[in-house]
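Okay, data35.txt now, which holds compact mmCIF, C-alpha atoms:
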# COMPACT_ATOMS: atom_id res chain seq x y z
CA MET O 3 65.72 42.19 -148.16
CA LYS O 4 67.01 43.40 -144.79
CA ASP O 5 65.37 42.85 -141.39
CA ILE O 6 62.91 40.16 -142.43
CA ALA O 7 61.66 39.94 -138.84
CA LYS O 8 60.02 43.35 -139.07
CA LYS O 9 56.27 42.78 -139.27
CA SER O 10 55.92 44.86 -142.44
CA ASN O 11 58.62 42.85 -144.22
CA THR O 12 57.20 39.53 -143.07
CA MET O 13 53.74 40.55 -144.26
CA TYR O 14 55.16 41.68 -147.61
CA LEU O 15 56.78 38.31 -148.25
CA LEU O 16 53.80 36.27 -147.08
CA ASN O 17 51.38 38.31 -149.17
CA LYS O 18 53.61 38.33 -152.24
CA TYR O 19 53.93 34.56 -152.28
CA LYS O 20 50.42 33.91 -150.92
CA LEU O 21 51.76 31.98 -147.95
CA ASN O 22 50.12 31.05 -144.66
CA ALA O 23 51.70 29.33 -141.67
CA ASN O 24 51.47 25.59 -142.24
CA LYS O 25 50.01 23.95 -139.11
CA ARG O 26 51.25 20.56 -140.30
CA TYR O 27 54.83 21.74 -139.83
CA GLY O 28 54.16 23.81 -136.73
CA GLN O 29 55.05 27.08 -138.44
CA ASN O 30 54.91 30.40 -136.58
CA PHE O 31 56.74 33.44 -137.90
CA ILE O 32 58.63 35.73 -135.50
CA ILE O 33 57.78 39.38 -136.15
CA ASP O 34 60.14 41.01 -133.66
CA LEU O 35 63.66 41.88 -134.85
CA ASN O 36 64.84 42.53 -131.30
CA THR O 37 64.06 38.97 -130.26
CA ILE O 38 65.90 37.51 -133.25
CA LYS O 39 68.99 39.61 -132.59
CA LYS O 40 68.99 38.64 -128.90
CA ILE O 41 68.91 34.95 -129.83
CA VAL O 42 71.90 35.30 -132.15
CA ASN O 43 73.89 37.65 -129.92
CA ASN O 44 73.49 35.31 -126.94
CA THR O 45 75.50 32.64 -128.75
CA SER O 46 79.25 32.29 -129.31
CA ILE O 47 78.87 32.21 -133.10
CA ASP O 48 81.63 33.79 -135.20
CA LYS O 49 83.10 33.49 -138.68
CA ASP O 50 84.80 30.23 -137.72
CA THR O 51 81.41 28.69 -136.96
CA CYS O 52 79.10 26.68 -139.19
CA VAL O 53 75.50 26.91 -138.02
CA ILE O 54 72.88 24.31 -138.82
CA GLU O 55 69.36 25.73 -138.75
CA ILE O 56 66.22 23.60 -138.69
CA GLY O 57 63.13 25.07 -140.32
CA PRO O 58 64.21 28.53 -141.54
CA GLY O 59 60.67 29.47 -142.55
CA ILE O 60 60.97 32.70 -144.51
CA GLY O 61 64.57 33.31 -143.38
CA THR O 62 63.98 35.50 -140.34
CA LEU O 63 66.61 33.89 -138.12
CA SER O 64 68.76 32.71 -141.05
CA GLU O 65 69.38 36.32 -142.08
CA GLN O 66 70.85 37.35 -138.72
CA LEU O 67 72.86 34.11 -138.50
CA GLY O 68 74.25 34.82 -141.96
CA TYR O 69 75.69 38.15 -140.81
CA LYS O 70 77.57 36.54 -137.93
CA ALA O 71 78.49 32.95 -138.91
CA GLY O 72 80.98 31.64 -141.45
CA LYS O 73 78.33 29.39 -142.99
CA VAL O 74 74.67 28.60 -142.35
CA ILE O 75 73.07 25.38 -143.56
CA CYS O 76 69.28 25.47 -143.34
CA TYR O 77 67.06 22.40 -143.52
CA GLU O 78 63.51 23.14 -144.64
CA ILE O 79 60.82 20.50 -145.15
CA ASP O 80 58.25 22.83 -146.76
CA GLU O 81 59.12 23.26 -150.43
CA ARG O 82 56.48 26.01 -150.80
CA LEU O 83 59.09 28.28 -149.26
CA LYS O 84 61.64 27.94 -152.08
CA PRO O 85 60.72 31.18 -153.90
CA VAL O 86 60.44 33.26 -150.75
CA LEU O 87 63.79 32.01 -149.40
CA ASN O 88 65.40 32.64 -152.79
CA GLU O 89 64.32 36.27 -152.42
CA SER O 90 64.86 36.80 -148.68
CA LEU O 91 68.28 35.12 -148.51
CA GLY O 92 69.45 35.61 -152.08
CA GLU O 93 72.12 38.15 -151.15
CA PHE O 94 73.97 35.69 -148.87
CA ASP O 95 76.69 33.52 -150.35
CA ASN O 96 77.26 31.80 -146.98
CA ILE O 97 73.71 30.46 -146.55
CA GLU O 98 72.66 27.16 -148.09
CA VAL O 99 69.08 25.89 -147.96
CA ILE O 100 68.47 22.14 -148.25
CA TYR O 101 64.89 20.97 -148.71
CA LYS O 102 64.84 17.83 -146.60
CA ASP O 103 63.34 16.47 -143.38
CA PHE O 104 66.04 17.06 -140.76
CA LEU O 105 65.05 13.90 -138.90
CA LYS O 106 66.37 11.95 -141.90
CA VAL O 107 69.77 13.69 -141.95
CA ASP O 108 72.93 11.79 -140.98
CA LEU O 109 74.12 14.48 -138.62
CA LYS O 110 77.53 12.95 -137.94
CA ALA O 111 78.30 12.61 -141.65
CA LEU O 112 77.20 16.22 -142.19
CA ALA O 113 79.33 17.60 -139.35
CA ASP O 114 82.34 15.51 -140.46
CA SER O 115 82.09 17.04 -143.93
CA LEU O 116 82.32 20.61 -142.65
CA ASP O 117 85.69 22.34 -142.43
CA TYR O 118 84.92 24.68 -139.53
CA ASP O 119 86.38 25.06 -136.06
CA LYS O 120 82.93 24.88 -134.52
CA VAL O 121 79.62 23.38 -135.65
CA CYS O 122 76.41 24.22 -133.78
CA VAL O 123 72.65 24.20 -134.19
CA VAL O 124 70.49 27.32 -133.81
CA ALA O 125 66.80 26.94 -134.50
CA ASN O 126 63.22 27.77 -133.68
CA LEU O 127 62.05 24.17 -133.30
CA PRO O 128 58.54 23.08 -134.25
CA TYR O 129 56.73 22.24 -131.02
CA TYR O 130 55.32 18.95 -132.29
CA ILE O 131 58.73 17.33 -132.86
CA THR O 132 60.88 19.20 -130.34
CA SER O 133 61.80 16.11 -128.30
CA ASP O 134 62.57 14.00 -131.38
CA LEU O 135 64.87 16.68 -132.79
CA LEU O 136 66.69 17.29 -129.51
CA GLU O 137 67.21 13.57 -128.92
CA LEU O 138 68.56 13.14 -132.45
CA MET O 139 71.09 15.91 -131.94
CA VAL O 140 72.11 15.06 -128.38
CA THR O 141 72.73 11.37 -129.14
CA SER O 142 74.33 11.83 -132.57
CA ASN O 143 78.00 12.00 -131.45
CA SER O 144 78.42 14.36 -134.38
CA GLY O 145 80.85 16.84 -132.85
CA ILE O 146 78.24 19.60 -132.49
CA SER O 147 79.46 21.90 -129.74
CA PHE O 148 76.15 23.42 -128.68
CA ILE O 149 72.45 23.64 -129.51
CA CYS O 150 70.59 26.92 -129.14
CA ALA O 151 66.89 26.29 -129.62
CA MET O 152 63.61 28.06 -129.11
CA ILE O 153 61.11 25.62 -127.66
CA GLN O 154 57.88 25.67 -125.69
CA LYS O 155 58.50 27.26 -122.28
CA GLU O 156 56.85 24.42 -120.39
CA VAL O 157 59.04 21.86 -122.16
CA ALA O 158 62.18 23.90 -121.43
CA GLU O 159 61.37 24.05 -117.72
CA LYS O 160 60.66 20.32 -117.66
CA LEU O 161 64.05 19.58 -119.25
CA VAL O 162 65.89 21.84 -116.82
CA TYR O 163 64.05 21.16 -113.57
CA LYS O 164 62.70 17.60 -113.88
CA HIS O 165 64.09 14.19 -114.71
CA THR O 166 62.92 12.65 -117.99
CA PRO O 167 64.70 10.28 -120.38
CA LEU O 168 65.64 13.25 -122.58
CA SER O 169 66.90 15.35 -119.67
CA TYR O 170 69.11 12.43 -118.58
CA MET O 171 70.44 12.11 -122.14
CA ILE O 172 71.33 15.81 -122.11
CA GLU O 173 72.96 15.54 -118.69
CA SER O 174 75.06 12.62 -119.90
CA VAL O 175 76.70 14.74 -122.63
CA GLY O 176 76.78 18.19 -121.07
CA SER O 177 74.45 20.77 -119.61
CA ILE O 178 71.29 22.75 -120.38
CA ASP O 179 70.30 26.30 -119.44
CA ILE O 180 67.36 28.58 -120.16
CA LYS O 181 68.85 31.74 -121.69
CA MET O 182 65.69 33.82 -122.07
CA ASN O 183 61.92 33.62 -122.36
CA VAL O 184 59.98 34.73 -125.44
CA SER O 185 56.41 35.98 -125.39
CA ARG O 186 53.84 34.29 -127.63
CA HIS O 187 52.95 37.77 -128.90
CA VAL O 188 56.10 38.10 -131.04
CA PHE O 189 54.84 35.31 -133.31
CA MET O 190 52.43 35.35 -136.20
CA PRO O 191 50.12 33.53 -135.84
CA SER O 192 50.41 33.72 -132.07
CA PRO O 193 50.68 30.26 -130.44
CA HIS O 194 48.80 29.41 -127.25
CA VAL O 195 51.97 29.24 -125.14
CA ASP O 196 55.14 31.23 -124.48
CA SER O 197 58.58 30.01 -125.56
CA SER O 198 62.07 29.79 -124.07
CA ILE O 199 65.53 29.84 -125.59
CA ILE O 200 67.60 26.95 -124.28
CA GLU O 201 71.26 26.24 -124.79
CA ILE O 202 72.59 22.70 -124.58
CA THR O 203 76.37 22.50 -124.31
CA ILE O 204 77.82 19.19 -125.50
CA ASP O 205 81.13 18.21 -123.91
CA ASN O 206 81.01 14.40 -123.87
CA SER O 207 80.21 11.55 -126.23
CA TYR O 208 76.90 9.71 -125.92
CA ASP O 209 76.63 6.02 -125.01
CA GLU O 210 73.87 4.38 -127.08
CA LYS O 211 73.20 1.88 -124.29
CA LEU O 212 71.87 4.74 -122.20
CA THR O 213 68.85 5.06 -124.50
CA GLU O 214 67.91 1.43 -123.95
CA ILE O 215 68.27 1.60 -120.18
CA LEU O 216 66.31 4.87 -119.94
CA ASN O 217 63.48 3.66 -122.15
CA ALA O 218 63.16 0.51 -120.06
CA SER O 219 63.33 2.41 -116.77
CA PHE O 220 60.59 4.84 -117.77
CA THR O 221 58.24 2.25 -119.30
CA GLN O 222 55.76 3.06 -116.54
CA LYS O 223 56.82 6.12 -114.60
CA ARG O 224 54.70 5.33 -111.55
CA LYS O 225 56.32 1.94 -111.09
CA THR O 226 59.57 1.43 -109.23
CA ILE O 227 62.87 1.10 -111.02
CA TYR O 228 62.89 -2.57 -110.00
CA ASN O 229 59.52 -3.32 -111.60
CA ASN O 230 60.37 -1.46 -114.78
CA LEU O 231 63.75 -3.14 -115.23
CA LYS O 232 62.47 -6.66 -114.64
CA ASN O 233 61.51 -6.94 -118.31
CA LEU O 234 65.06 -6.06 -119.26
CA PHE O 235 67.21 -7.88 -116.72
CA GLN O 236 64.77 -10.64 -115.72
CA GLU O 237 65.85 -12.57 -112.60
CA GLU O 238 69.12 -10.60 -112.41
CA THR O 239 67.34 -7.29 -111.73
CA LYS O 240 67.49 -7.44 -107.92
CA ASN O 241 71.15 -8.44 -107.88
CA ILE O 242 72.14 -5.72 -110.35
CA LEU O 243 70.36 -2.96 -108.43
CA GLU O 244 71.80 -4.09 -105.11
CA LYS O 245 75.28 -4.34 -106.61
CA GLU O 246 74.99 -0.69 -107.72
CA ASN O 247 73.55 0.40 -104.36
CA ILE O 248 70.24 1.44 -105.95
CA SER O 249 67.17 0.97 -103.79
CA LEU O 250 64.55 -1.31 -105.36
CA THR O 251 61.78 1.09 -104.25
CA LEU O 252 63.04 4.19 -106.07
CA ARG O 253 61.07 5.71 -108.93
CA PRO O 254 62.95 6.11 -112.24
CA GLU O 255 63.19 9.91 -111.90
CA GLN O 256 64.89 9.52 -108.49
CA LEU O 257 68.06 7.96 -109.91
CA SER O 258 71.12 9.98 -110.89
CA ILE O 259 72.66 10.01 -114.34
CA ASP O 260 75.60 8.07 -112.87
CA ASP O 261 73.17 5.38 -111.71
CA TYR O 262 71.89 4.97 -115.25
CA LYS O 263 75.40 4.93 -116.67
CA HIS O 264 76.33 2.15 -114.26
CA LEU O 265 73.18 0.17 -115.12
CA SER O 266 73.90 0.43 -118.83
CA LYS O 267 77.10 -1.59 -118.27
CA TYR O 268 74.94 -4.67 -117.75
CA LEU O 269 73.44 -4.52 -121.23
CA GLY O 270 74.75 -6.87 -123.87
CA GLY O 271 76.56 -5.77 -127.00

Target format structure tokens, applied to this file:
Amino acid sequence: MKDIAKKSNTMYLLNKYKLNANKRYGQNFIIDLNTIKKIVNNTSIDKDTCVIEIGPGIGTLSEQLGYKAGKVICYEIDERLKPVLNESLGEFDNIEVIYKDFLKVDLKALADSLDYDKVCVVANLPYYITSDLLELMVTSNSGISFICAMIQKEVAEKLVYKHTPLSYMIESVGSIDIKMNVSRHVFMPSPHVDSSIIEITIDNSYDEKLTEILNASFTQKRKTIYNNLKNLFQEETKNILEKENISLTLRPEQLSIDDYKHLSKYLGG
């Protein structure tokens, strides 16, 4: 089937297989072909690229990725979708669907097993686990070159314009940009919020110690960095902060990524 994102084709597949969007998995189906093509065309995907897709649904995005990429590996948690994906993507010999929770995938082992010049992730991420998925990918040191993801607009703006543990993690490995916004009205069923397409470029490796220092620093956001880190560094906290020229009165979101990198040097291990 061509152009799955057309509303008539989406409705045909959903009706044929008696499927409804599963709220448990945060499913919303895009019914605008233009939007899907814009997402794919805004990336640097080519035949030397292997794309990992999370939650293909009925294959709307997978189809367009299959035309452009060398290989597409889709991870789908909802096994109800097996028959519909067999039909919608059956013509593609470069698309593989794996029925597994992506959060349980060893991403580094997967990427290492792929013989492609470039490995990336392109996905319409379920809102309810967006942060978990992005953190998994950003901290995986898997060799993924970029992540192109559709996420809730408010979350995208928070990642780009505010400091959170996840935004610091992203900054430590590369950069993040909002590529385009997507109206809630191109989805079925329509969610209560609009979406944005973000692109995270990964240029550097991730230091696992950064996660520990960020989690400790943001234990209570309204407290100062000194008060939050006292549980971690105990009586050495004041000396460490002064040594790194970090004011004891700063809030955690007021530090730079370099500050956190320097603080992580004081962790054991």

Margin query: From the options O:Glu159, O:Asp114, O:Asp179, O:Asp80, which residue's atoms come nearest to Asn143 in chain O, counting only C-alpha atoms?
Written below: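 When distances to Asn143 in chain O are compared using only C-alpha atoms, the smallest one comes from O:Asp114.
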
Give me the residues near Met152 in chain O as an mmCIF file with C-alpha atoms, keeping the file's coordinate frame, where near means some atom within 7 Å (using all atoms listed in the file) and where sequence neighbours in that chain fewer than 6 positions away do not count.
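Okay, result.cif is ready:
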data_model
loop_
_atom_site.group_PDB
_atom_site.id
_atom_site.type_symbol
_atom_site.label_atom_id
_atom_site.label_comp_id
_atom_site.auth_asym_id
_atom_site.auth_seq_id
_atom_site.Cartn_x
_atom_site.Cartn_y
_atom_site.Cartn_z
ATOM 1 C CA ALA O 125 66.800 26.940 -134.500
ATOM 2 C CA ASN O 126 63.220 27.770 -133.680
ATOM 3 C CA LEU O 127 62.050 24.170 -133.300
ATOM 4 C CA SER O 197 58.580 30.010 -125.560
ATOM 5 C CA SER O 198 62.070 29.790 -124.070
ATOM 6 C CA ILE O 199 65.530 29.840 -125.590
ATOM 7 C CA ILE O 200 67.600 26.950 -124.280
#

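Using only C-alpha atoms, the protein and nucleic acid residues lying no more than 8 Å from range 244-250 of chain O, apart from those fewer than 3 places from it along its own chain, are Thr226, Ile227, Tyr228, Lys240, Asn241, Leu257, Asp261, His264 and Leu265 of chain O.
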
Output C-alpha atoms for every residue in that selection, as a PDB file, keeping the file's coordinate frame.
ATOM      1  CA  THR O 226      59.570   1.430-109.230  1.00  0.00           C
ATOM      2  CA  ILE O 227      62.870   1.100-111.020  1.00  0.00           C
ATOM      3  CA  TYR O 228      62.890  -2.570-110.000  1.00  0.00           C
ATOM      4  CA  LYS O 240      67.490  -7.440-107.920  1.00  0.00           C
ATOM      5  CA  ASN O 241      71.150  -8.440-107.880  1.00  0.00           C
ATOM      6  CA  LEU O 257      68.060   7.960-109.910  1.00  0.00           C
ATOM      7  CA  ASP O 261      73.170   5.380-111.710  1.00  0.00           C
ATOM      8  CA  HIS O 264      76.330   2.150-114.260  1.00  0.00           C
ATOM      9  CA  LEU O 265      73.180   0.170-115.120  1.00  0.00           C
TER      10      LEU O 265
END

Next item on the list: Counting all atoms listed in the file, figure out which residue out of O:Lys102, O:Arg224, O:Lys232, O:Lys40 gets nearest to Val184 in chain O.
Entry: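 Nearest candidate to Val184 in chain O out of O:Lys102, O:Arg224, O:Lys232, O:Lys40: O:Lys40.
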
Item checked: Interatomic distance (Å, one decimal) between CA of Asn230 in chain O and CA of Leu216 in chain O ->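 Answer for the CA of Asn230 in chain O to CA of Leu216 in chain O separation: 10.1 Å.
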
Margin query: Using all atoms listed in the file, which protein or nucleic acid residues come within 10 Å of Glu173 in chain O? Drop anything in the same chain fewer than 2 positions from it, and give the result as a list of chain:residue names.
Written below: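 My reading of the contact set: O:Val140, O:Leu161, O:Val162, O:His165, O:Pro167, O:Leu168, O:Ser169, O:Tyr170, O:Met171, O:Val175, O:Gly176, O:Ser177, O:Ile178, O:Ile202, O:Thr203, O:Ile204, O:Asn206, O:Ser258, O:Ile259, O:Asp260.
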
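Coordinates place CA of Thr166 in chain O at a distance of 6.7 Å from CA of Glu255 in chain O.
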
Check: Need the neighbours of (84.7, 27.2, -134.5): which residues are at most 9 Å away, counting only C-alpha atoms, as a list of chain:residue names?
Finding: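 Output of the proximity query reads O:Ile47, O:Asp48, O:Lys49, O:Asp50, O:Thr51, O:Cys52, O:Tyr118, O:Asp119, O:Lys120, O:Val121, O:Cys122, O:Ser147.
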
Next item on the list: Find the spatial neighbours of Tyr129 in chain O, counting all atoms listed in the file, within a cut-off of 12 Å - ignore same-chain residues fewer than 2 positions away - and output them as an NGL selection string.
Entry: :O and (25-30 or 57 or 125-127 or 131-136 or 151-158 or 193-198)

Notebook entry, point to check: Counting all atoms listed in the file, what is within 7 Å of Ser142 in chain O, bar same-chain residues fewer than 3 positions away, as a list in words?
Noted result: Leu109, Lys110, Leu138 and Met139 of chain O

Neighbours of point (81.6, 33.3, -148.8) within 12 Å, using only C-alpha atoms, written as an mmCIF file with C-alpha atoms, in the frame of the given file:
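What landed in out.cif:
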data_model
loop_
_atom_site.group_PDB
_atom_site.id
_atom_site.type_symbol
_atom_site.label_atom_id
_atom_site.label_comp_id
_atom_site.auth_asym_id
_atom_site.auth_seq_id
_atom_site.Cartn_x
_atom_site.Cartn_y
_atom_site.Cartn_z
ATOM 1 C CA LYS O 49 83.100 33.490 -138.680
ATOM 2 C CA ASP O 50 84.800 30.230 -137.720
ATOM 3 C CA CYS O 52 79.100 26.680 -139.190
ATOM 4 C CA GLY O 68 74.250 34.820 -141.960
ATOM 5 C CA TYR O 69 75.690 38.150 -140.810
ATOM 6 C CA ALA O 71 78.490 32.950 -138.910
ATOM 7 C CA GLY O 72 80.980 31.640 -141.450
ATOM 8 C CA LYS O 73 78.330 29.390 -142.990
ATOM 9 C CA VAL O 74 74.670 28.600 -142.350
ATOM 10 C CA GLU O 93 72.120 38.150 -151.150
ATOM 11 C CA PHE O 94 73.970 35.690 -148.870
ATOM 12 C CA ASP O 95 76.690 33.520 -150.350
ATOM 13 C CA ASN O 96 77.260 31.800 -146.980
ATOM 14 C CA ILE O 97 73.710 30.460 -146.550
ATOM 15 C CA GLU O 98 72.660 27.160 -148.090
#

Check: What is the distance, in Å and to one decimal place, between CA of Met182 in chain O and CA of Ser64 in chain O?
Finding: 19.3 Å

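The shortest atom-to-atom distance to Lys20 in chain O, with only C-alpha atoms taken into account, belongs to O:Val86 out of O:Ile242, O:Val86, O:Val124, O:Leu35.
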
Next item on the list: Could you check which of O:Ser46, O:Ser115, O:Gln66, O:Ser266 is closest to Leu243 in chain O, using all atoms listed in the file?
Entry: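 Counting all atoms listed in the file, the residue closest to Leu243 in chain O is O:Ser266.
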
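Taking all atoms listed in the file into account, Ile180 in chain O lies nearest to O:Ile41 out of the set O:Leu67, O:Ala218, O:Ile60, O:Ile41.
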
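Counting only C-alpha atoms and comparing O:Leu212, O:Leu269, O:Ile33, O:Leu21, the residue that lies closest to Met190 in chain O is O:Ile33.
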
Complete the atom set of range 229-239 of chain O to all heavy atoms and return it as a short mmCIF file (atom, residue, chain, number, x, y, z; two decimals), in the coordinates of the input.
data_model
loop_
_atom_site.label_atom_id
_atom_site.label_comp_id
_atom_site.auth_asym_id
_atom_site.auth_seq_id
_atom_site.Cartn_x
_atom_site.Cartn_y
_atom_site.Cartn_z
N ASN O 229 60.60 -2.76 -110.78
CA ASN O 229 59.52 -3.32 -111.60
C ASN O 229 59.70 -3.01 -113.08
O ASN O 229 59.40 -3.84 -113.94
CB ASN O 229 58.16 -2.80 -111.11
CG ASN O 229 57.70 -3.50 -109.84
OD1 ASN O 229 57.92 -4.69 -109.68
ND2 ASN O 229 57.09 -2.75 -108.93
N ASN O 230 60.18 -1.83 -113.38
CA ASN O 230 60.37 -1.46 -114.78
C ASN O 230 61.53 -2.23 -115.43
O ASN O 230 61.47 -2.58 -116.60
CB ASN O 230 60.63 0.04 -114.91
CG ASN O 230 59.35 0.85 -114.89
OD1 ASN O 230 58.30 0.37 -115.29
ND2 ASN O 230 59.42 2.09 -114.41
N LEU O 231 62.58 -2.49 -114.65
CA LEU O 231 63.75 -3.14 -115.23
C LEU O 231 63.64 -4.67 -115.27
O LEU O 231 64.48 -5.33 -115.88
CB LEU O 231 65.01 -2.73 -114.46
CG LEU O 231 65.49 -1.29 -114.70
CD1 LEU O 231 66.76 -1.03 -113.92
CD2 LEU O 231 65.71 -1.02 -116.18
N LYS O 232 62.61 -5.21 -114.63
CA LYS O 232 62.47 -6.66 -114.64
C LYS O 232 62.31 -7.23 -116.05
O LYS O 232 62.78 -8.33 -116.34
CB LYS O 232 61.27 -7.08 -113.77
CG LYS O 232 61.59 -7.16 -112.29
CD LYS O 232 60.53 -7.93 -111.52
CE LYS O 232 59.18 -7.28 -111.58
NZ LYS O 232 58.19 -7.98 -110.72
N ASN O 233 61.66 -6.47 -116.93
CA ASN O 233 61.51 -6.94 -118.31
C ASN O 233 62.84 -6.97 -119.05
O ASN O 233 63.01 -7.70 -120.02
CB ASN O 233 60.52 -6.04 -119.08
CG ASN O 233 59.10 -6.24 -118.62
OD1 ASN O 233 58.74 -7.32 -118.16
ND2 ASN O 233 58.28 -5.19 -118.71
N LEU O 234 63.76 -6.15 -118.58
CA LEU O 234 65.06 -6.06 -119.26
C LEU O 234 66.07 -7.05 -118.68
O LEU O 234 66.75 -7.76 -119.43
CB LEU O 234 65.60 -4.63 -119.13
CG LEU O 234 66.84 -4.27 -119.93
CD1 LEU O 234 66.57 -4.38 -121.43
CD2 LEU O 234 67.29 -2.84 -119.60
N PHE O 235 66.18 -7.07 -117.36
CA PHE O 235 67.21 -7.88 -116.72
C PHE O 235 66.70 -9.20 -116.14
O PHE O 235 67.49 -9.98 -115.59
CB PHE O 235 67.91 -7.07 -115.62
CG PHE O 235 68.71 -5.91 -116.14
CD1 PHE O 235 68.57 -4.64 -115.59
CD2 PHE O 235 69.63 -6.08 -117.17
CE1 PHE O 235 69.32 -3.56 -116.06
CE2 PHE O 235 70.38 -5.01 -117.64
CZ PHE O 235 70.22 -3.75 -117.09
N GLN O 236 65.37 -9.39 -116.20
CA GLN O 236 64.77 -10.64 -115.72
C GLN O 236 65.16 -10.92 -114.27
O GLN O 236 65.10 -10.04 -113.42
CB GLN O 236 65.17 -11.80 -116.65
CG GLN O 236 64.85 -11.57 -118.12
CD GLN O 236 63.35 -11.45 -118.39
OE1 GLN O 236 62.56 -12.15 -117.78
NE2 GLN O 236 62.98 -10.57 -119.31
N GLU O 237 65.58 -12.16 -113.99
CA GLU O 237 65.85 -12.57 -112.60
C GLU O 237 67.10 -11.91 -112.02
O GLU O 237 67.36 -11.98 -110.82
CB GLU O 237 65.99 -14.10 -112.51
CG GLU O 237 67.19 -14.69 -113.22
CD GLU O 237 66.94 -14.95 -114.70
OE1 GLU O 237 65.83 -14.64 -115.18
OE2 GLU O 237 67.86 -15.47 -115.36
N GLU O 238 67.90 -11.26 -112.88
CA GLU O 238 69.12 -10.60 -112.41
C GLU O 238 68.87 -9.19 -111.88
O GLU O 238 69.78 -8.55 -111.33
CB GLU O 238 70.15 -10.53 -113.54
CG GLU O 238 70.76 -11.86 -113.92
CD GLU O 238 71.53 -12.47 -112.77
OE1 GLU O 238 72.33 -11.74 -112.14
OE2 GLU O 238 71.32 -13.66 -112.49
N THR O 239 67.64 -8.69 -112.05
CA THR O 239 67.34 -7.29 -111.73
C THR O 239 67.71 -6.94 -110.29
O THR O 239 68.39 -5.93 -110.03
CB THR O 239 65.85 -6.99 -111.97
OG1 THR O 239 65.51 -7.38 -113.30
CG2 THR O 239 65.57 -5.51 -111.77
#
